[in-house]
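Reading through the structure tokens given below for one structure.
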Protein chains: 4
Amino acid sequence: MSKIVLGDYYPVYYGKPKDECGIFGIYGHSDAAALTALGLHALQHRGQESAGIVTFDDGLFHAERRMGLVSDNFTDNKILACLPGNTAIGHVRYSTTGSSALKNVQPLFADLSIGGLALAHNGNLTNGLTLRENLVNEGSIFQTTSDTETVLQLIAKSKEKSIVKRFIDSLYQIDGAYAFVTLTTKNMIGVRDPSGIRPLILGILDGSYILTSETCALDIIGAEFVREVENGEMIVITRSGLESIKPFPVRPKRPCIFEYIYFARPDSILGGHSVYECRRKFGQELAKESPIKADLVIPIPDSGVPAAIGYADTSDIPFELGIIRNHYVGRTFIEPQQSIRAFSVKLKHNANRILVDGKKVILVDDSLVRGTTSTKIVRMMREAGAQQVHMRITAPPIKFPDYYGIDTPVKDELLASNKSIDEIRSYIGADSLKFLSVDGLYRAMGFPCGRNAKHPAFTDHCFTGDYPTGLIDQSSKEKFHQLSLLS
Amino acid sequence: MSKIVLGDYYPVYYGKPKDECGIFGIYGHSDAAALTALGLHALQHRGQESAGIVTFDDGLFHAERRMGLVSDNFTDNKILACLPGNTAIGHVRYSTTGSSALKNVQPLFADLSIGGLALAHNGNLTNGLTLRENLVNEGSIFQTTSDTETVLQLIAKSKEKSIVKRFIDSLYQIDGAYAFVTLTTKNMIGVRDPSGIRPLILGILDGSYILTSETCALDIIGAEFVREVENGEMIVITRSGLESIKPFPVRPKRPCIFEYIYFARPDSILGGHSVYECRRKFGQELAKESPIKADLVIPIPDSGVPAAIGYADTSDIPFELGIIRNHYVGRTFIEPQQSIRAFSVKLKHNANRILVDGKKVILVDDSLVRGTTSTKIVRMMREAGAQQVHMRITAPPIKFPDYYGIDTPVKDELLASNKSIDEIRSYIGADSLKFLSVDGLYRAMGFPCGRNAKHPAFTDHCFTGDYPTGLIDQSSKEKFHQLSLLS
Amino acid sequence: MSKIVLGDYYPVYYGKPKDECGIFGIYGHSDAAALTALGLHALQHRGQESAGIVTFDDGLFHAERRMGLVSDNFTDNKILACLPGNTAIGHVRYSTTGSSALKNVQPLFADLSIGGLALAHNGNLTNGLTLRENLVNEGSIFQTTSDTETVLQLIAKSKEKSIVKRFIDSLYQIDGAYAFVTLTTKNMIGVRDPSGIRPLILGILDGSYILTSETCALDIIGAEFVREVENGEMIVITRSGLESIKPFPVRPKRPCIFEYIYFARPDSILGGHSVYECRRKFGQELAKESPIKADLVIPIPDSGVPAAIGYADTSDIPFELGIIRNHYVGRTFIEPQQSIRAFSVKLKHNANRILVDGKKVILVDDSLVRGTTSTKIVRMMREAGAQQVHMRITAPPIKFPDYYGIDTPVKDELLASNKSIDEIRSYIGADSLKFLSVDGLYRAMGFPCGRNAKHPAFTDHCFTGDYPTGLIDQSSKEKFHQLSLLS
Amino acid sequence: MSKIVLGDYYPVYYGKPKDECGIFGIYGHSDAAALTALGLHALQHRGQESAGIVTFDDGLFHAERRMGLVSDNFTDNKILACLPGNTAIGHVRYSTTGSSALKNVQPLFADLSIGGLALAHNGNLTNGLTLRENLVNEGSIFQTTSDTETVLQLIAKSKEKSIVKRFIDSLYQIDGAYAFVTLTTKNMIGVRDPSGIRPLILGILDGSYILTSETCALDIIGAEFVREVENGEMIVITRSGLESIKPFPVRPKRPCIFEYIYFARPDSILGGHSVYECRRKFGQELAKESPIKADLVIPIPDSGVPAAIGYADTSDIPFELGIIRNHYVGRTFIEPQQSIRAFSVKLKHNANRILVDGKKVILVDDSLVRGTTSTKIVRMMREAGAQQVHMRITAPPIKFPDYYGIDTPVKDELLASNKSIDEIRSYIGADSLKFLSVDGLYRAMGFPCGRNAKHPAFTDHCFTGDYPTGLIDQSSKEKFHQLSLLS
């Protein structure tokens, strides 16, 4: 394959793109597009680079895809007027690569022999590259760099007659983590991978079914939560109602633990757990595991707040805002370019100097990936006069990359993959550094005995290296080498 | 198939799109992109809606595609810096449908198993829809509405090994009119359809070969004309030089007569003829066939000028600018929306009142399609005081639609297809109306005996109904009916 | 005067515009524009609608003014390259009227007979309209709708010779609240109104003086705080250093209390007080004044957080995030259009349902203006299952409009101006509602005896009606009547 | 004065800007804005850089000003909906300086004590800079760099009561060439300078009066020509009808001859002359004065066409299009940047090679300013095989700059100001070169005895150095020196 570097809208293809995304679909509601826009707005934390909505109305599909936030692009009456119809699916996207160009913005659409099909995907395939190569060899022309198009191409080539069967046919061929919402001329289909790694829930509003990533997207429109889509379950929604299909052999459910730690919104309820409550408990558990005497518990804003409240509560040390965040920039973890990342740390946080001066402080954060931000914040605390700076991370060390749709660096850039905890402490300049243990994490999630190594309840490979599926693309080393030469 | 109505960049698919276009490619010149931009500017009369350039440099393809004029989009150093490499192909495009969206802007690109390929096309396939349906049934996903993508998909699916063989394999399957310029990782390929309907010429600058639609694109960059690409000839340009291949069974050459009448630039030389001289002779021939006494010969600006000079010359009546054109709007024939068309007539022309007042005037134009403009101009002349208004059209009546890449209305909207000449005269309100005869046209082109019905030298079906190829898509009526229901 | 409604950049003139703004200037630093951009970013909470920077370099002024955030407009190398020079002033602006068009974006500039002058203003004149009318009667042509231009026109017409004397001459004529930063060809001038209503501080970085609104703008660039500019003090910074002038008769200092309650950033230090600490104490004081039994103390995010921490601390009730904020929209108070305001409440907050369900909750906020947001949040708490909802406002009721540059509604729309506290409680639907007393506010600010009615330490007219200056424009009723007829 | 270099919309002030412009106003027509847009479109040849329309409706002024063509900016229903009211004035503008920024786009507007006033100007003041300096010294703040604002400031400062008297008061102070159209809350005023240098005509449509620069703007909307506004006449149009005022002492009429030679549209009628016919006669006159044997008469397109028709007619040599113009770029004379000028010659013209090859050709153009284009076109003819190239200019040599609103270079760059005719011939590389004589010019305009040196009928200083007014700004050399230092 050769690489094309294209101007306005073509993506650049840097190895393997990984996306964390949010999806939303509603079937049979007169306000479909507007509700989808609101749902996507509630899911904006899952992807800020682009958003798209596809509706179906009277035989025609209508689509709008934009770079940027939902609130900047889908709040205009004019754009909603371009999205008629009572069925809509939508997608917000964040890409770790440069490939956030308009062409990759989902939902993707294809005009198949059996009719049009729009597809929105949260997750990542572990055999996507391999499948893509096969398809290209057979004559398929790819227009995007996303795994999602691989599924679309598989559906296009399937010899099955119905769209449902074609979809299942394609799902059999793929491996990895996924939650899909699909819009066709006749139905809306949702499906969750056999391990249920990525979330997908079912809601209802005025009798219309909703498929979406998190409950907060139901709350914003006043919809009711019905149930989670089960791992390996496909839900087909038509005018006649809802049908549940289980096309896959049974596999144990292993939702991604990282949703609880960092990714989901604190007001969402996932797997029956309040995400806020989980994070609070991670803080409490860590306070039990790694207590220390200090004057203040300070959250790294904003993601560390619930955990810091828990830590402060259990350790009985006052919770205070020792770091003030400038709200006019986005979340570090979610910024696309490394060069901006360093700059935005400086732009985002300021020490609450008078509060911190002369104090022993405990900083609480929910994760530590590259350590860049932590290093700067510890230094900021010292410069503000902190006497001691103790860092507490309410998750275990991230030692292994994710391949299921969460952006993590490659292993070489994962701090905990290459350094001992004391080396990390020294690197970030803290007086002490403690991580929550894996068993502590499971205890906080309601497993008093900690992690069951044989039947772990969650996808937790970032901490344990225990990947729930094969990593086909990863294992074919030569293929990667070849790719890097060509692209 | 179902229709998708997409916002910013997706095309709308209204039945069958037809394009008249200009193409340009240069192989092995350090200034490839800048020269291509200049060449496309010289070809701007062949398509004003969009322009695109693809270059190849050091293993990578680079592309820029824009809506609008070359001079508005490709004169910036910044954009040329995005187009490195010493090989480039480019395209200007005009579309008669709404589908002039960015996605359809050529050159198209695909990442095939044997490497990247960019394709620029002037012409139109007569079995494009049929092929497209077959491809979609086999699982190909189309991203544009253009025939050009059909060829790209055929190349992608060909089982041949080399790109040249794959291309030939695909050309065997298509029917219609075409001139292609293709850029691959290894070569630049030009090919002209077996009848040579659309033009393609070979030029050279500083030892670098050029493939383009008209000689005026060579003039602007100071390149030399080498020869025309022959009908049915494929030219493969590599580092080692130029190779000519004739993959098709021999067919007689029948270039499109409409290039001489209207489409090509007057300073271009096509098939050894000066286009200006041809138009002048059409005027002279018509003056011989249909003389009339009058005070002034007035061209419909600007396309009628050379013919009017010829008519005035032979009839010995003064040539004067009786209609003044406002240069700040485009050409009527080339505007995309019917609603604008009516408006722009009013915006574009004004009578030279004092000149015309009280005179018998002869209006000379190169064609009469719907008659809308003519009607308004005749009325404008009368309102300016003209005593008599005689209309002379230096081409035969257009009775049949084109299917080879020139925009003509469907038969119902072709005035000459539905009315006698006297009815047309009455419709446009002229005192007399004469068209050049088909034999007169051939005489002016250098065939003293007129048209040879058995072996006509030109593609002239618009006047004669004699189509040089089968019209596969047209003949399958049911398919069309079905399409109109679905899309 | 007649009104002009202009397209792209002209302002619409709705009565009297009021701005809350942030200003920044640095004199004699090689990185002047970049540091100003960072300073303005730190002051972004003071105005999000537009930002502007003017620099002076080698005899020329350079200006860039943009609608939108600093981080969206002034982080590009290209724009900073357009702002050469080692002296720069900048401004962020929020307007309560429709007049946030580009033309009103500050700093304003005028080319005076004694040289160019750029002016950035935080505050509002109370005789601006009266002065403007006089100036227009004398032949001045205004290009903006802002009070700031009134000062510029006064400087232009002053008969004094030096810029400093002209400036003082103009200041004598104006009344109201202001902090100005001015850039001329020779110096940078800062001045604060005689009561010191709006903040202005002096900092230093690498030997270069800085004038800005808040200390957080020093922190972001690592500059040192020198001192506050005193009330009625003018500071003239030239190459030779800093000169302090006190052109006004002595008046007691009365900084605006609202900066502590709501407007300034919590990490800023104003008048020697940590703003965070003040807010925390407002919460503590209110907990003492109006305690209640409950399960949770919940801040209205984000501005209510420090006060809620204080309230929770003193009342010994757990502090929890019972309302989750969607970070992808701006601050309610700061949105320009009423129609968006209602919508954005819905878009911004969600109940932390599981936490709140079945609980007695205390909501803590820093102010209550129209009550629209409070009403919706109380309802949101009840719908999430809260058993009781108690509202605590850590400021006194706002009964009087501000005329000094903070956006407050007219009296008719101020809830506390028209209703008793119990009526407000009933209106917002809370089980109880308590405001901090004026004396409590002063106690929290370090005045154990509360407010001294004869010599109040702060500008607190919003609560007390005690305006520190005359309200000339307000008192001439007929003028207003006339204006509303004409404009 | 110091210079400000401002980003988006502020002008750069390069010495003295000179504009050639077109103006249009209509009073009391329900379609005022749309008709004004059409009128401006017909006047587009008078200025292509920007266009603006101001309307007055129900006490409010509405304005839209845009960079670029009328047809690109004012054909949208949306923009016309922003311009309600039955009275409108408009302006198209071309600037020779960099100051074509949005802020300078006319009509200018000011909110005066006696009500709003919008002003559109064609022409240039010869004491504009001097007046501006005085006004700035008295405290006026200028927002643009145009002379037009000087008049606006004078009106603003006038002590007269009525707008008409204020306007006259201001006109007494200015010197130079002007045609103004002014819109106030009560009337529309047109005025032409005492010598009538710039054109202004009166038309009528459906009972509504129109003031505009040329008759072609009446033709496009089907309006009737009433009469020319006389030199020194002011026309005040109100609901009650039209009033003519002659505020100035009588001066002889001397319209600018350059309108006939080059600037006006050929279909316009100026001073009772058909512009087309004048140009044709210039060609005839020159053919008499300077005949030569040759094969072809070739116009330099497009402005040389009428003159070439006249030359060919009288000399009985065939008129042919030996140079083909690419219609997708603007007119050389009108391009703003020197660097583009050279490039656009290359982009705009191509030799009609086969026609020209081996022939003796006569090139006819209407003017020769810098000689850059001519040089290139002569070379182009030779490269196309022309045996001899004779250049004929149907105007006298331009030896003196214009200061009345037509863009001409400074004296040093005027070829005819520095070289003999034979030197010019040699410079442009022609075999012969002839200009029309001044007397020949007058003869062609209907003065059989040629120019009357005592009472010349036209403003013809570009050829004769006989300026119709004082050149106040030009004569104060020191002031200019000072300006160049400061700005």
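Labels used: A, B, ... for chains in the order of the structure tokens, numbers from 1 for residues in each chain, and numbers from 1 for ligands as shown.
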What's around A:Leu436 at 6 Å? Count only C-alpha atoms, leave out sequence neighbours fewer than 4 positions away in its own chain, and write the answer as a PDB file with N, CA and C atoms, in the first residue's frame.
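Listed below is the output, around.pdb:
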```pdb
ATOM      1  N   LEU A 286      -7.746   3.165  48.669  1.00  0.00           N
ATOM      2  CA  LEU A 286      -6.338   3.562  48.635  1.00  0.00           C
ATOM      3  C   LEU A 286      -5.933   4.205  49.957  1.00  0.00           C
ATOM      4  N   THR A 394      -5.461   6.448  42.241  1.00  0.00           N
ATOM      5  CA  THR A 394      -6.532   5.519  42.636  1.00  0.00           C
ATOM      6  C   THR A 394      -6.792   4.457  41.570  1.00  0.00           C
ATOM      7  N   ALA A 395      -5.706   3.981  40.974  1.00  0.00           N
ATOM      8  CA  ALA A 395      -5.758   2.841  40.055  1.00  0.00           C
ATOM      9  C   ALA A 395      -4.389   2.183  40.107  1.00  0.00           C
ATOM     10  N   PRO A 396      -4.302   0.941  39.659  1.00  0.00           N
ATOM     11  CA  PRO A 396      -2.982   0.285  39.628  1.00  0.00           C
ATOM     12  C   PRO A 396      -2.104   0.891  38.529  1.00  0.00           C
TER      13      PRO A 396
END
```
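With only C-alpha atoms taken into account, the protein and nucleic acid residues at most 10 Å from B:Met188 (excluding it and anything under 2 positions from it in its own chain) are B:Gly25, B:Ile26, B:Tyr27, B:Gly28, B:Thr87, B:Ala88, B:Ile89, B:Leu117, B:Ala118, B:Leu119, B:Val181, B:Thr182, B:Leu183, B:Thr184, B:Thr185, B:Lys186, B:Gly190, B:Tyr209, B:Ile210, B:Leu211, B:Ile235, B:Val236, B:Ile237, B:Thr238, B:Arg239, B:Leu242.
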Chain B residues near chain D within 10 Å, closest pair each, using only C-alpha atoms, as JSON lines:
```
{"residue": "B:Leu38", "atom": "CA", "partner": "D:Leu347", "partner_atom": "CA", "distance": 7.7}
{"residue": "B:Gly39", "atom": "CA", "partner": "D:Leu347", "partner_atom": "CA", "distance": 9.9}
{"residue": "B:His41", "atom": "CA", "partner": "D:Leu347", "partner_atom": "CA", "distance": 7.8}
{"residue": "B:Ala42", "atom": "CA", "partner": "D:Asn326", "partner_atom": "CA", "distance": 7.0}
{"residue": "B:Leu43", "atom": "CA", "partner": "D:Asn326", "partner_atom": "CA", "distance": 9.1}
{"residue": "B:Gln44", "atom": "CA", "partner": "D:Tyr328", "partner_atom": "CA", "distance": 7.2}
{"residue": "B:His45", "atom": "CA", "partner": "D:Tyr328", "partner_atom": "CA", "distance": 8.0}
{"residue": "B:Gln48", "atom": "CA", "partner": "D:Tyr328", "partner_atom": "CA", "distance": 9.0}
{"residue": "B:Leu69", "atom": "CA", "partner": "D:Tyr328", "partner_atom": "CA", "distance": 7.8}
{"residue": "B:Val70", "atom": "CA", "partner": "D:Tyr328", "partner_atom": "CA", "distance": 8.9}
{"residue": "B:Ser71", "atom": "CA", "partner": "D:Val329", "partner_atom": "CA", "distance": 7.4}
{"residue": "B:Asp72", "atom": "CA", "partner": "D:Val329", "partner_atom": "CA", "distance": 9.4}
{"residue": "B:Cys216", "atom": "CA", "partner": "D:Asn350", "partner_atom": "CA", "distance": 7.7}
{"residue": "B:Asp219", "atom": "CA", "partner": "D:Asn350", "partner_atom": "CA", "distance": 7.3}
{"residue": "B:Ile220", "atom": "CA", "partner": "D:Leu347", "partner_atom": "CA", "distance": 7.0}
{"residue": "B:Ile221", "atom": "CA", "partner": "D:Lys346", "partner_atom": "CA", "distance": 9.0}
{"residue": "B:Arg265", "atom": "CA", "partner": "D:Ile324", "partner_atom": "CA", "distance": 8.4}
{"residue": "B:Pro266", "atom": "CA", "partner": "D:Ile324", "partner_atom": "CA", "distance": 7.2}
{"residue": "B:Asp267", "atom": "CA", "partner": "D:Asn352", "partner_atom": "CA", "distance": 4.8}
{"residue": "B:Ser268", "atom": "CA", "partner": "D:Asn352", "partner_atom": "CA", "distance": 8.0}
{"residue": "B:Ile269", "atom": "CA", "partner": "D:Ile354", "partner_atom": "CA", "distance": 8.5}
{"residue": "B:His273", "atom": "CA", "partner": "D:Ile354", "partner_atom": "CA", "distance": 9.0}
{"residue": "B:Ser274", "atom": "CA", "partner": "D:Ile354", "partner_atom": "CA", "distance": 6.5}
{"residue": "B:Val275", "atom": "CA", "partner": "D:Asn352", "partner_atom": "CA", "distance": 9.5}
{"residue": "B:Tyr276", "atom": "CA", "partner": "D:Asn352", "partner_atom": "CA", "distance": 7.8}
{"residue": "B:Glu277", "atom": "CA", "partner": "D:Leu355", "partner_atom": "CA", "distance": 7.7}
{"residue": "B:Arg280", "atom": "CA", "partner": "D:Glu320", "partner_atom": "CA", "distance": 9.7}
{"residue": "B:Asp302", "atom": "CA", "partner": "D:His327", "partner_atom": "CA", "distance": 9.6}
{"residue": "B:Val305", "atom": "CA", "partner": "D:Leu321", "partner_atom": "CA", "distance": 8.6}
{"residue": "B:Pro306", "atom": "CA", "partner": "D:Leu321", "partner_atom": "CA", "distance": 7.5}
{"residue": "B:Ile309", "atom": "CA", "partner": "D:Glu320", "partner_atom": "CA", "distance": 7.4}
{"residue": "B:Gly310", "atom": "CA", "partner": "D:Glu320", "partner_atom": "CA", "distance": 9.5}
{"residue": "B:Asp313", "atom": "CA", "partner": "D:Pro318", "partner_atom": "CA", "distance": 8.3}
{"residue": "B:Pro318", "atom": "CA", "partner": "D:Asp313", "partner_atom": "CA", "distance": 8.3}
{"residue": "B:Phe319", "atom": "CA", "partner": "D:Ile309", "partner_atom": "CA", "distance": 7.8}
{"residue": "B:Glu320", "atom": "CA", "partner": "D:Ile309", "partner_atom": "CA", "distance": 7.4}
{"residue": "B:Leu321", "atom": "CA", "partner": "D:Pro306", "partner_atom": "CA", "distance": 7.5}
{"residue": "B:Gly322", "atom": "CA", "partner": "D:Asp267", "partner_atom": "CA", "distance": 8.7}
{"residue": "B:Ile323", "atom": "CA", "partner": "D:Asp267", "partner_atom": "CA", "distance": 8.1}
{"residue": "B:Ile324", "atom": "CA", "partner": "D:Asp267", "partner_atom": "CA", "distance": 6.3}
{"residue": "B:Arg325", "atom": "CA", "partner": "D:Asp267", "partner_atom": "CA", "distance": 9.1}
{"residue": "B:Asn326", "atom": "CA", "partner": "D:Ala42", "partner_atom": "CA", "distance": 7.0}
{"residue": "B:His327", "atom": "CA", "partner": "D:His327", "partner_atom": "CA", "distance": 7.8}
{"residue": "B:Tyr328", "atom": "CA", "partner": "D:Gln44", "partner_atom": "CA", "distance": 7.2}
{"residue": "B:Val329", "atom": "CA", "partner": "D:Ser71", "partner_atom": "CA", "distance": 7.4}
{"residue": "B:Gly330", "atom": "CA", "partner": "D:Tyr328", "partner_atom": "CA", "distance": 8.4}
{"residue": "B:Arg331", "atom": "CA", "partner": "D:His327", "partner_atom": "CA", "distance": 9.5}
{"residue": "B:Ser344", "atom": "CA", "partner": "D:Ser71", "partner_atom": "CA", "distance": 10.0}
{"residue": "B:Lys346", "atom": "CA", "partner": "D:Ile220", "partner_atom": "CA", "distance": 7.2}
{"residue": "B:Leu347", "atom": "CA", "partner": "D:Ile220", "partner_atom": "CA", "distance": 7.0}
{"residue": "B:Lys348", "atom": "CA", "partner": "D:Ala42", "partner_atom": "CA", "distance": 8.8}
{"residue": "B:His349", "atom": "CA", "partner": "D:Ile220", "partner_atom": "CA", "distance": 8.5}
{"residue": "B:Asn350", "atom": "CA", "partner": "D:Asp267", "partner_atom": "CA", "distance": 7.2}
{"residue": "B:Ala351", "atom": "CA", "partner": "D:Asp267", "partner_atom": "CA", "distance": 6.9}
{"residue": "B:Asn352", "atom": "CA", "partner": "D:Asp267", "partner_atom": "CA", "distance": 4.8}
{"residue": "B:Arg353", "atom": "CA", "partner": "D:Asp267", "partner_atom": "CA", "distance": 7.1}
{"residue": "B:Ile354", "atom": "CA", "partner": "D:Ser274", "partner_atom": "CA", "distance": 6.5}
{"residue": "B:Leu355", "atom": "CA", "partner": "D:Glu277", "partner_atom": "CA", "distance": 7.6}
```
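For A:Pro84, the non-local neighbours within 10 Å, defined as residues at least 2 positions apart in the same chain or in other chains and counting only C-alpha atoms, are A:Ser30, A:Asp31, A:Ala32, A:Ala33, A:Ala34, A:Val54, A:Thr55, A:Phe56, A:Asp57, A:Asp58, A:Leu60, A:Phe61, A:His62, A:Ala63, A:Ile79, A:Leu80, A:Ala81, A:Cys82, A:Asn86, A:Thr87, A:Ala88.
Rounded to one decimal, atom CA of A:Glu383 and atom CA of C:Ser303 lie 25.6 Å from each other.
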Find the residues around C:Gly176 up to 10 Å (only C-alpha atoms counted), leave out those fewer than 5 positions away in its own chain, and share them as a list in words.
Gly123, Asn124, Leu125, Thr126, Asn127, Gly128, Asp193, Pro194, Ser195, Ile197, Arg198, Tyr403, Tyr404, Gly405, Tyr467, Pro468, Thr469, Gly470, Leu471 and Ile472 of chain C
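Going from atom CA of B:Glu289 over to atom CA of B:Thr373, you cover 24.2 Å.
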Please give the complete set of residues from stretch 174-301 of chain A that DSSP, run on the backbone, assigns to alpha helix (DSSP H), formatted as JSON, numbers by chain.
{"A": [216, 217, 218, 219, 258, 275, 276, 277, 278, 279, 280, 281, 282, 283, 284, 285, 286, 287, 288, 289]}
Could you name the residues that touch C:Ala223 at 7 Å or less, counting only C-alpha atoms, but leaving out those on the same chain fewer than 2 positions away, as a VMD selection string?
chain C and resid 203 to 205 218 to 219 221 225
Report, in Å with one decimal, the straight-line distance from atom CA of A:Glu423 to atom CA of A:Glu259.
27.6 Å
Mind the document's chain letters and residue numbers, and return as a PyMOL selection string the residues of stretch 85-320 of chain C that DSSP labels strand (DSSP E).
chain C and resi 87-95+108-112+115-125+176-184+188-192+201-205+208-212+224-228+234-238+241-245+269-270+273-274+296-299
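Using only C-alpha atoms, the contacts of D:Met391 at a cut-off of 9 Å, with sequence neighbours closer than 5 positions omitted, comprise Val361, Ile362, Leu363, Val364, Asp365, Ser374, Val378, Arg425, Ala430, Asp431, Ser432, Leu433, Lys434 and Phe435 of chain D.
Distances to C:Leu108 were evaluated for D:Pro252, D:Gly304, D:Gln143, D:Leu270 using only C-alpha atoms, and the minimum falls at D:Gln143.
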Can you list, as a ChimeraX atom specification, every protein, DNA or RNA residue that comes within 7 Å of A:Lys411 when you count only C-alpha atoms, leaving out same-chain residues fewer than 4 positions away?
/A:400-401,417
Write the residues of the preceding selection, restricted to C-alpha atoms, as an mmCIF file, in the first residue's frame.
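part_24.cif written:
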```cif
data_model
loop_
_atom_site.group_PDB
_atom_site.id
_atom_site.type_symbol
_atom_site.label_atom_id
_atom_site.label_comp_id
_atom_site.auth_asym_id
_atom_site.auth_seq_id
_atom_site.Cartn_x
_atom_site.Cartn_y
_atom_site.Cartn_z
ATOM 1 C CA PHE A 400 0.271 -2.665 29.193
ATOM 2 C CA PRO A 401 -1.199 -0.808 26.229
ATOM 3 C CA SER A 417 5.958 -0.458 32.145
#
```
